[in-house]
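Colleague: I am sharing entry13.pdb, which consists of PDB, C-alpha atoms and all ligand atoms:
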```pdb
ATOM      1  CA  MET X   1     129.623 -31.455 203.732
ATOM      2  CA  LEU X   2     128.607 -27.837 204.282
ATOM      3  CA  ILE X   3     130.081 -24.820 202.490
ATOM      4  CA  ARG X   4     129.174 -21.465 203.986
ATOM      5  CA  GLN X   5     130.350 -17.897 204.358
ATOM      6  CA  ALA X   6     133.030 -17.560 207.046
ATOM      7  CA  THR X   7     132.558 -15.404 210.145
ATOM      8  CA  ARG X   8     134.966 -14.000 212.702
ATOM      9  CA  ALA X   9     134.236 -17.071 214.872
ATOM     10  CA  ASP X  10     135.928 -19.264 212.243
ATOM     11  CA  LEU X  11     139.204 -17.337 212.428
ATOM     12  CA  LYS X  12     141.035 -19.772 214.718
ATOM     13  CA  ALA X  13     140.263 -22.790 212.545
ATOM     14  CA  VAL X  14     141.212 -20.886 209.386
ATOM     15  CA  VAL X  15     144.542 -19.794 210.931
ATOM     16  CA  ASN X  16     145.276 -23.435 211.828
ATOM     17  CA  ILE X  17     144.644 -24.572 208.257
ATOM     18  CA  GLU X  18     146.761 -21.701 206.930
ATOM     19  CA  ASN X  19     149.694 -22.502 209.204
ATOM     20  CA  SER X  20     149.651 -26.187 208.387
ATOM     21  CA  SER X  21     149.320 -25.523 204.639
ATOM     22  CA  PHE X  22     151.899 -22.846 203.863
ATOM     23  CA  GLU X  23     155.448 -22.221 205.010
ATOM     24  CA  ALA X  24     156.886 -18.871 203.917
ATOM     25  CA  GLU X  25     154.097 -17.189 202.007
ATOM     26  CA  ARG X  26     151.336 -17.457 204.550
ATOM     27  CA  PHE X  27     148.725 -14.976 205.732
ATOM     28  CA  SER X  28     148.868 -13.697 209.285
ATOM     29  CA  ARG X  29     145.891 -13.871 211.653
ATOM     30  CA  SER X  30     145.115 -10.189 211.034
ATOM     31  CA  GLN X  31     145.305 -10.570 207.261
ATOM     32  CA  LEU X  32     142.898 -13.505 207.456
ATOM     33  CA  LEU X  33     140.554 -11.513 209.714
ATOM     34  CA  TYR X  34     140.569  -8.712 207.145
ATOM     35  CA  LEU X  35     139.798 -11.161 204.349
ATOM     36  CA  ILE X  36     136.922 -12.698 206.330
ATOM     37  CA  THR X  37     135.319  -9.492 207.549
ATOM     38  CA  LYS X  38     136.229  -6.631 205.236
ATOM     39  CA  ALA X  39     137.612  -7.639 201.852
ATOM     40  CA  ARG X  40     135.524  -7.177 198.732
ATOM     41  CA  GLY X  41     134.751 -10.726 197.641
ATOM     42  CA  LEU X  42     133.832 -13.970 199.309
ATOM     43  CA  PHE X  43     135.414 -16.015 202.084
ATOM     44  CA  LEU X  44     134.037 -19.527 202.358
ATOM     45  CA  VAL X  45     134.690 -22.340 204.796
ATOM     46  CA  LEU X  46     133.933 -25.998 204.218
ATOM     47  CA  GLU X  47     132.741 -28.035 207.199
ATOM     48  CA  LEU X  48     132.968 -31.802 207.556
ATOM     49  CA  GLU X  49     131.195 -33.269 210.583
ATOM     50  CA  GLY X  50     131.028 -29.814 212.140
ATOM     51  CA  LYS X  51     134.759 -29.190 211.790
ATOM     52  CA  ILE X  52     136.313 -26.723 209.361
ATOM     53  CA  ALA X  53     138.334 -28.658 206.809
ATOM     54  CA  ALA X  54     139.081 -26.063 204.124
ATOM     55  CA  TYR X  55     138.754 -22.430 203.169
ATOM     56  CA  LEU X  56     138.605 -20.311 200.037
ATOM     57  CA  SER X  57     139.150 -16.578 199.612
ATOM     58  CA  VAL X  58     138.163 -14.864 196.364
ATOM     59  CA  LEU X  59     138.432 -11.163 195.614
ATOM     60  CA  THR X  60     136.620  -8.882 193.228
ATOM     61  CA  HIS X  61     138.485  -5.794 192.083
ATOM     62  CA  LYS X  62     136.649  -2.755 190.813
ATOM     63  CA  ASN X  63     138.417  -2.481 187.488
ATOM     64  CA  HIS X  64     139.327  -6.108 186.972
ATOM     65  CA  HIS X  65     137.339  -8.318 184.712
ATOM     66  CA  SER X  66     138.015 -11.516 186.548
ATOM     67  CA  LEU X  67     137.315 -13.067 189.923
ATOM     68  CA  ARG X  68     140.632 -13.628 191.668
ATOM     69  CA  ILE X  69     141.160 -16.795 193.655
ATOM     70  CA  TYR X  70     143.284 -15.282 196.366
ATOM     71  CA  SER X  71     143.817 -18.305 198.581
ATOM     72  CA  ILE X  72     142.605 -21.870 198.996
ATOM     73  CA  ALA X  73     143.749 -24.454 201.513
ATOM     74  CA  VAL X  74     142.575 -27.824 202.764
ATOM     75  CA  ASP X  75     143.440 -29.351 206.152
ATOM     76  CA  PRO X  76     146.394 -31.692 205.367
ATOM     77  CA  ALA X  77     144.462 -34.603 206.928
ATOM     78  CA  ARG X  78     141.600 -34.029 204.469
ATOM     79  CA  ARG X  79     143.495 -33.660 201.199
ATOM     80  CA  GLY X  80     142.755 -35.790 198.156
ATOM     81  CA  MET X  81     139.030 -35.891 199.021
ATOM     82  CA  LYS X  82     138.030 -33.364 196.362
ATOM     83  CA  LEU X  83     137.289 -30.662 198.943
ATOM     84  CA  GLY X  84     139.445 -28.242 196.934
ATOM     85  CA  GLN X  85     137.392 -29.258 193.906
ATOM     86  CA  ALA X  86     134.138 -28.377 195.695
ATOM     87  CA  LEU X  87     135.491 -24.927 196.578
ATOM     88  CA  ILE X  88     136.724 -24.222 193.038
ATOM     89  CA  GLU X  89     133.228 -25.086 191.804
ATOM     90  CA  LYS X  90     131.766 -22.542 194.266
ATOM     91  CA  ALA X  91     134.210 -19.890 193.040
ATOM     92  CA  THR X  92     133.211 -20.598 189.441
ATOM     93  CA  ALA X  93     129.515 -20.348 190.290
ATOM     94  CA  TYR X  94     130.136 -17.042 192.081
ATOM     95  CA  ALA X  95     132.001 -15.598 189.070
ATOM     96  CA  ARG X  96     129.079 -16.588 186.830
ATOM     97  CA  GLU X  97     126.628 -15.054 189.301
ATOM     98  CA  LEU X  98     128.554 -11.769 189.107
ATOM     99  CA  GLY X  99     128.598 -11.979 185.308
ATOM    100  CA  LEU X 100     132.400 -11.975 185.210
ATOM    101  CA  PRO X 101     134.013 -13.484 182.109
ATOM    102  CA  ALA X 102     136.931 -15.206 183.881
ATOM    103  CA  LEU X 103     138.649 -16.392 187.064
ATOM    104  CA  SER X 104     142.340 -15.788 187.680
ATOM    105  CA  LEU X 105     144.960 -16.907 190.176
ATOM    106  CA  GLU X 106     148.656 -17.166 190.877
ATOM    107  CA  VAL X 107     150.226 -20.424 192.044
ATOM    108  CA  ASN X 108     153.791 -21.430 192.868
ATOM    109  CA  THR X 109     155.266 -23.199 189.814
ATOM    110  CA  GLU X 110     156.400 -26.049 192.154
ATOM    111  CA  ASN X 111     152.910 -26.634 193.595
ATOM    112  CA  SER X 112     151.825 -29.598 191.517
ATOM    113  CA  PRO X 113     148.720 -30.673 193.531
ATOM    114  CA  ALA X 114     147.291 -27.156 193.157
ATOM    115  CA  ILE X 115     148.232 -26.814 189.465
ATOM    116  CA  SER X 116     146.638 -30.198 188.823
ATOM    117  CA  LEU X 117     143.418 -29.098 190.559
ATOM    118  CA  TYR X 118     143.284 -25.892 188.509
ATOM    119  CA  THR X 119     144.099 -27.570 185.180
ATOM    120  CA  ARG X 120     141.397 -30.166 185.793
ATOM    121  CA  ASN X 121     138.999 -27.254 186.254
ATOM    122  CA  GLY X 122     139.801 -25.558 182.964
ATOM    123  CA  PHE X 123     142.451 -23.059 184.092
ATOM    124  CA  GLU X 124     145.133 -22.323 181.493
ATOM    125  CA  ALA X 125     148.658 -21.091 182.135
ATOM    126  CA  LEU X 126     149.007 -17.468 181.052
ATOM    127  CA  GLU X 127     152.519 -16.413 182.100
ATOM    128  CA  ILE X 128     155.286 -17.008 184.615
ATOM    129  CA  LEU X 129     155.830 -14.232 187.155
ATOM    130  CA  GLU X 130     159.459 -14.457 188.192
ATOM    131  CA  ASP X 131     160.425 -14.044 191.849
ATOM    132  CA  TYR X 132     156.747 -13.483 192.711
ATOM    133  CA  TYR X 133     157.068 -15.229 196.087
ATOM    134  CA  GLY X 134     160.683 -14.161 196.711
ATOM    135  CA  LYS X 135     164.008 -14.784 195.010
ATOM    136  CA  GLY X 136     163.802 -17.871 192.806
ATOM    137  CA  GLU X 137     160.176 -18.558 193.772
ATOM    138  CA  ASN X 138     158.150 -18.139 190.625
ATOM    139  CA  ALA X 139     154.399 -17.997 190.165
ATOM    140  CA  LEU X 140     152.306 -19.277 187.326
ATOM    141  CA  LYS X 141     149.439 -16.962 186.461
ATOM    142  CA  MET X 142     146.425 -18.992 185.387
ATOM    143  CA  ILE X 143     143.069 -18.012 183.954
ATOM    144  CA  LYS X 144     139.780 -19.788 183.405
ATOM    145  CA  ARG X 145     137.526 -18.211 180.820
ATOM    146  CA  LEU X 146     133.802 -18.635 181.369
TER
HETATM  147  C1  LIG J 201     145.856 -27.576 196.502
HETATM  148  C2  LIG J 201     144.823 -28.106 197.491
HETATM  149  C3  LIG J 201     143.892 -26.969 197.893
HETATM  150  C4  LIG J 201     144.006 -29.212 196.799
HETATM  151  O1  LIG J 201     142.961 -29.622 197.656
HETATM  152  P1  LIG J 201     142.382 -31.133 197.667
HETATM  153  O2  LIG J 201     141.066 -31.089 198.334
HETATM  154  O3  LIG J 201     143.403 -32.069 198.186
HETATM  155  O4  LIG J 201     142.158 -31.343 196.103
HETATM  156  P2  LIG J 201     141.852 -32.677 195.345
HETATM  157  O5  LIG J 201     141.299 -33.729 196.252
HETATM  158  O6  LIG J 201     141.033 -32.282 194.179
HETATM  159  O7  LIG J 201     143.334 -33.160 194.888
HETATM  160  C5  LIG J 201     144.204 -32.292 194.201
HETATM  161  C6  LIG J 201     145.495 -33.013 193.926
HETATM  162  O8  LIG J 201     146.180 -33.330 195.163
HETATM  163  C7  LIG J 201     146.590 -34.701 195.157
HETATM  164  N1  LIG J 201     146.483 -35.363 196.488
HETATM  165  C8  LIG J 201     145.739 -36.414 196.789
HETATM  166  N2  LIG J 201     145.898 -36.772 198.064
HETATM  167  C9  LIG J 201     146.760 -35.927 198.591
HETATM  168  C10 LIG J 201     147.314 -35.806 199.868
HETATM  169  N3  LIG J 201     147.004 -36.629 200.863
HETATM  170  N4  LIG J 201     148.174 -34.803 200.074
HETATM  171  C11 LIG J 201     148.499 -33.973 199.080
HETATM  172  N5  LIG J 201     147.989 -34.051 197.835
HETATM  173  C12 LIG J 201     147.125 -35.018 197.596
HETATM  174  C13 LIG J 201     145.613 -35.355 194.267
HETATM  175  O9  LIG J 201     146.266 -36.501 193.725
HETATM  176  C14 LIG J 201     145.288 -34.327 193.228
HETATM  177  O10 LIG J 201     146.217 -34.378 192.175
HETATM  178  P3  LIG J 201     145.866 -35.191 190.835
HETATM  179  O11 LIG J 201     144.741 -34.469 190.188
HETATM  180  O12 LIG J 201     147.140 -35.105 190.077
HETATM  181  O13 LIG J 201     145.489 -36.569 191.265
HETATM  182  C15 LIG J 201     145.506 -28.734 198.758
HETATM  183  O14 LIG J 201     146.497 -29.626 198.314
HETATM  184  C16 LIG J 201     146.147 -27.706 199.695
HETATM  185  O15 LIG J 201     145.505 -27.179 200.590
HETATM  186  N6  LIG J 201     147.441 -27.425 199.506
HETATM  187  C17 LIG J 201     148.169 -26.476 200.367
HETATM  188  C18 LIG J 201     147.727 -25.055 200.125
HETATM  189  C19 LIG J 201     147.936 -24.658 198.684
HETATM  190  O16 LIG J 201     148.946 -24.970 198.067
HETATM  191  N7  LIG J 201     146.953 -23.927 198.135
HETATM  192  C20 LIG J 201     146.995 -23.437 196.768
HETATM  193  C21 LIG J 201     147.708 -22.129 196.726
HETATM  194  S1  LIG J 201     147.615 -21.418 195.097
END
```
I'd like the structure from this file rewritten - as structure tokens, please.
Ligand SMILES: CC(C)(COP(=O)(O)OP(=O)(O)OC[C@H]1O[C@@H](n2cnc3c(N)ncnc32)[C@H](O)[C@@H]1OP(=O)(O)O)[C@@H](O)C(=O)NCCC(=O)NCCS
Modeller:
Amino acid sequence: MLIRQATRADLKAVVNIENSSFEAERFSRSQLLYLITKARGLFLVLELEGKIAAYLSVLTHKNHHSLRIYSIAVDPARRGMKLGQALIEKATAYARELGLPALSLEVNTENSPAISLYTRNGFEALEILEDYYGKGENALKMIKRL
């Protein structure tokens, strides 16, 4: 397993993972390109046998005191192998490296595999953001204090 910084050359593989992982609330190719090449933060890809199997996007905001996990997705064929776990550990290490006191994220309240991954990693539910992903689609805001 190799986890490394993404480059523009990884865009196609990242788009494929995105499209097979999310239905409505998914990033477009150009949004993903922006996140890989320009956004303030880190965009990692995880390779298994030379093939990209997962990605993670985290953002740092100037006046925010937490590292925001903006998106994480694993190739559906590679789920349940703790690849998401490996990426969450990288995000945590990066937050510590930056001296930030916490990580934060939003997740759909119906997304139990993701909520389970976050809870296992010490994230606590902070509040419910109603209609965050559209009418009737609520988000759970979670935080992990370091
Ligand atoms: C959430 C996600 C990143 C977890 O990645 P992962 O590498 O499968 O993580 P893990 O192996 O640590 O497993 C996480 C949970 O998924 C469950 N799982 C196991 N095999 C699975 C499979 N084949 N398909 C779906 N979920 C599976 C696990 O049981 C585990 O839940 P548990 O702790 O209750 O047992 C992945 O499911 C995913 O890409 N989902 C779609 C995108 C998404 O929802 N991203 C989060 C947005 S906030």
Colleague: Could you check how far CA of Thr92 (chain X) sits from CA of Asp131 (chain X), in Å to one decimal?
Modeller: 28.1 Å
Colleague: Quick one: residues within 9 Å of Glu18 (chain X), all atoms listed in the file, excluding same-chain residues fewer than 3 positions away - as a list in words?
Modeller: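 Final neighbour list, sorted by chain and number: Ala13, Val14, Val15, Ser21, Phe22, Glu23, Arg26, Phe27, Ser28, Tyr55, Ile72, Ala73, Val74 and Asp75 of chain X.
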Colleague: For CA of Glu130 (chain X) and atom C21 of ligand LIG 201 (chain J), determine how far apart the two atoms are, in Å to one decimal place.
Modeller: 16.4 Å
Colleague: Quick one: axis-aligned box around all listed atoms of region 57-67 of chain X, 5 Å on every side, centre and edge lengths in Å to one decimal, written as JSON.
Modeller:
```
{"center_x": 138.0, "center_y": -9.5, "center_z": 192.2, "size_x": 12.7, "size_y": 24.1, "size_z": 24.9}
```
Colleague: Using all atoms listed in the file, find each residue with an atom at most 9 Å away from ligand LIG 201 (chain J) and format the answer as an mmCIF file with C-alpha atoms, in the coordinates of the input.
Modeller:
```
data_model
loop_
_atom_site.group_PDB
_atom_site.id
_atom_site.type_symbol
_atom_site.label_atom_id
_atom_site.label_comp_id
_atom_site.auth_asym_id
_atom_site.auth_seq_id
_atom_site.Cartn_x
_atom_site.Cartn_y
_atom_site.Cartn_z
ATOM 1 C CA ILE X 17 144.644 -24.572 208.257
ATOM 2 C CA GLU X 18 146.761 -21.701 206.930
ATOM 3 C CA SER X 20 149.651 -26.187 208.387
ATOM 4 C CA SER X 21 149.320 -25.523 204.639
ATOM 5 C CA PHE X 22 151.899 -22.846 203.863
ATOM 6 C CA ALA X 54 139.081 -26.063 204.124
ATOM 7 C CA TYR X 55 138.754 -22.430 203.169
ATOM 8 C CA LEU X 56 138.605 -20.311 200.037
ATOM 9 C CA ILE X 69 141.160 -16.795 193.655
ATOM 10 C CA TYR X 70 143.284 -15.282 196.366
ATOM 11 C CA SER X 71 143.817 -18.305 198.581
ATOM 12 C CA ILE X 72 142.605 -21.870 198.996
ATOM 13 C CA ALA X 73 143.749 -24.454 201.513
ATOM 14 C CA VAL X 74 142.575 -27.824 202.764
ATOM 15 C CA ASP X 75 143.440 -29.351 206.152
ATOM 16 C CA PRO X 76 146.394 -31.692 205.367
ATOM 17 C CA ALA X 77 144.462 -34.603 206.928
ATOM 18 C CA ARG X 78 141.600 -34.029 204.469
ATOM 19 C CA ARG X 79 143.495 -33.660 201.199
ATOM 20 C CA GLY X 80 142.755 -35.790 198.156
ATOM 21 C CA MET X 81 139.030 -35.891 199.021
ATOM 22 C CA LYS X 82 138.030 -33.364 196.362
ATOM 23 C CA LEU X 83 137.289 -30.662 198.943
ATOM 24 C CA GLY X 84 139.445 -28.242 196.934
ATOM 25 C CA GLN X 85 137.392 -29.258 193.906
ATOM 26 C CA ALA X 86 134.138 -28.377 195.695
ATOM 27 C CA LEU X 87 135.491 -24.927 196.578
ATOM 28 C CA LEU X 105 144.960 -16.907 190.176
ATOM 29 C CA GLU X 106 148.656 -17.166 190.877
ATOM 30 C CA VAL X 107 150.226 -20.424 192.044
ATOM 31 C CA ASN X 108 153.791 -21.430 192.868
ATOM 32 C CA ASN X 111 152.910 -26.634 193.595
ATOM 33 C CA SER X 112 151.825 -29.598 191.517
ATOM 34 C CA PRO X 113 148.720 -30.673 193.531
ATOM 35 C CA ALA X 114 147.291 -27.156 193.157
ATOM 36 C CA ILE X 115 148.232 -26.814 189.465
ATOM 37 C CA SER X 116 146.638 -30.198 188.823
ATOM 38 C CA LEU X 117 143.418 -29.098 190.559
ATOM 39 C CA TYR X 118 143.284 -25.892 188.509
ATOM 40 C CA THR X 119 144.099 -27.570 185.180
ATOM 41 C CA ARG X 120 141.397 -30.166 185.793
#
```
Colleague: Could you check which residues have any atom within 10 Å of (136.9, -9.8, 211.2), counting only C-alpha atoms with coordinates taken straight from the file, and then list them as a PyMOL selection string?
Modeller: chain X and resi 6-11+29-39
Colleague: Please compute the CA of Ser66 (chain X)-CA of Leu44 (chain X) distance, one decimal, in Å.
Modeller: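 Pair CA of Ser66 (chain X) / CA of Leu44 (chain X) returns 18.2 Å.
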Colleague: Of the candidates X:Leu129, X:Lys135, X:Thr109, X:Leu59, which one gets nearest to Ala91 (chain X) if we count all atoms listed in the file?
Modeller: X:Leu59
Colleague: Give as number ranges by chain the residues that the PyMOL selection byres (((chain X and resi 94) around 12) and not hetatm) matches when applied to the coordinates above.
Modeller: X: 41-44, 57-60, 66-69, 87-93, 95-103, 146
Colleague: Now that the selection is made, can you save its residues with C-alpha atoms as a compact mmCIF listing (two decimals), in the coordinates of the input?
Modeller:
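The file below, result_33.txt, is the result:
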```txt
# COMPACT_ATOMS: atom_id res chain seq x y z
CA GLY X 41 134.75 -10.73 197.64
CA LEU X 42 133.83 -13.97 199.31
CA PHE X 43 135.41 -16.02 202.08
CA LEU X 44 134.04 -19.53 202.36
CA SER X 57 139.15 -16.58 199.61
CA VAL X 58 138.16 -14.86 196.36
CA LEU X 59 138.43 -11.16 195.61
CA THR X 60 136.62 -8.88 193.23
CA SER X 66 138.01 -11.52 186.55
CA LEU X 67 137.32 -13.07 189.92
CA ARG X 68 140.63 -13.63 191.67
CA ILE X 69 141.16 -16.80 193.66
CA LEU X 87 135.49 -24.93 196.58
CA ILE X 88 136.72 -24.22 193.04
CA GLU X 89 133.23 -25.09 191.80
CA LYS X 90 131.77 -22.54 194.27
CA ALA X 91 134.21 -19.89 193.04
CA THR X 92 133.21 -20.60 189.44
CA ALA X 93 129.51 -20.35 190.29
CA ALA X 95 132.00 -15.60 189.07
CA ARG X 96 129.08 -16.59 186.83
CA GLU X 97 126.63 -15.05 189.30
CA LEU X 98 128.55 -11.77 189.11
CA GLY X 99 128.60 -11.98 185.31
CA LEU X 100 132.40 -11.98 185.21
CA PRO X 101 134.01 -13.48 182.11
CA ALA X 102 136.93 -15.21 183.88
CA LEU X 103 138.65 -16.39 187.06
CA LEU X 146 133.80 -18.64 181.37
```
Colleague: Measuring atom to atom with only C-alpha atoms, identify which of X:Leu48, X:Glu110, X:Ala139, X:Glu124 is nearest to Ile3 (chain X).
Modeller: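 That would be X:Leu48, the residue with the smallest distance to Ile3 (chain X).
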Colleague: Would you kindly translate the PyMOL selection byres (((chain X and resi 125) around 9) and not hetatm) into the concrete residues it picks from this file, as a list of chain:residue names?
Modeller: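 On this input, the PyMOL selection byres (((chain X and resi 125) around 9) and not hetatm) captures X:Thr119, X:Phe123, X:Glu124, X:Leu126, X:Glu127, X:Ile128, X:Leu140, X:Lys141, X:Met142, X:Ile143.
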Colleague: So which one's closest to Met1 (chain X), X:Asn16, X:Gly134, X:Ala53, X:Ala24? Using all atoms listed in the file, please.
Modeller: X:Ala53
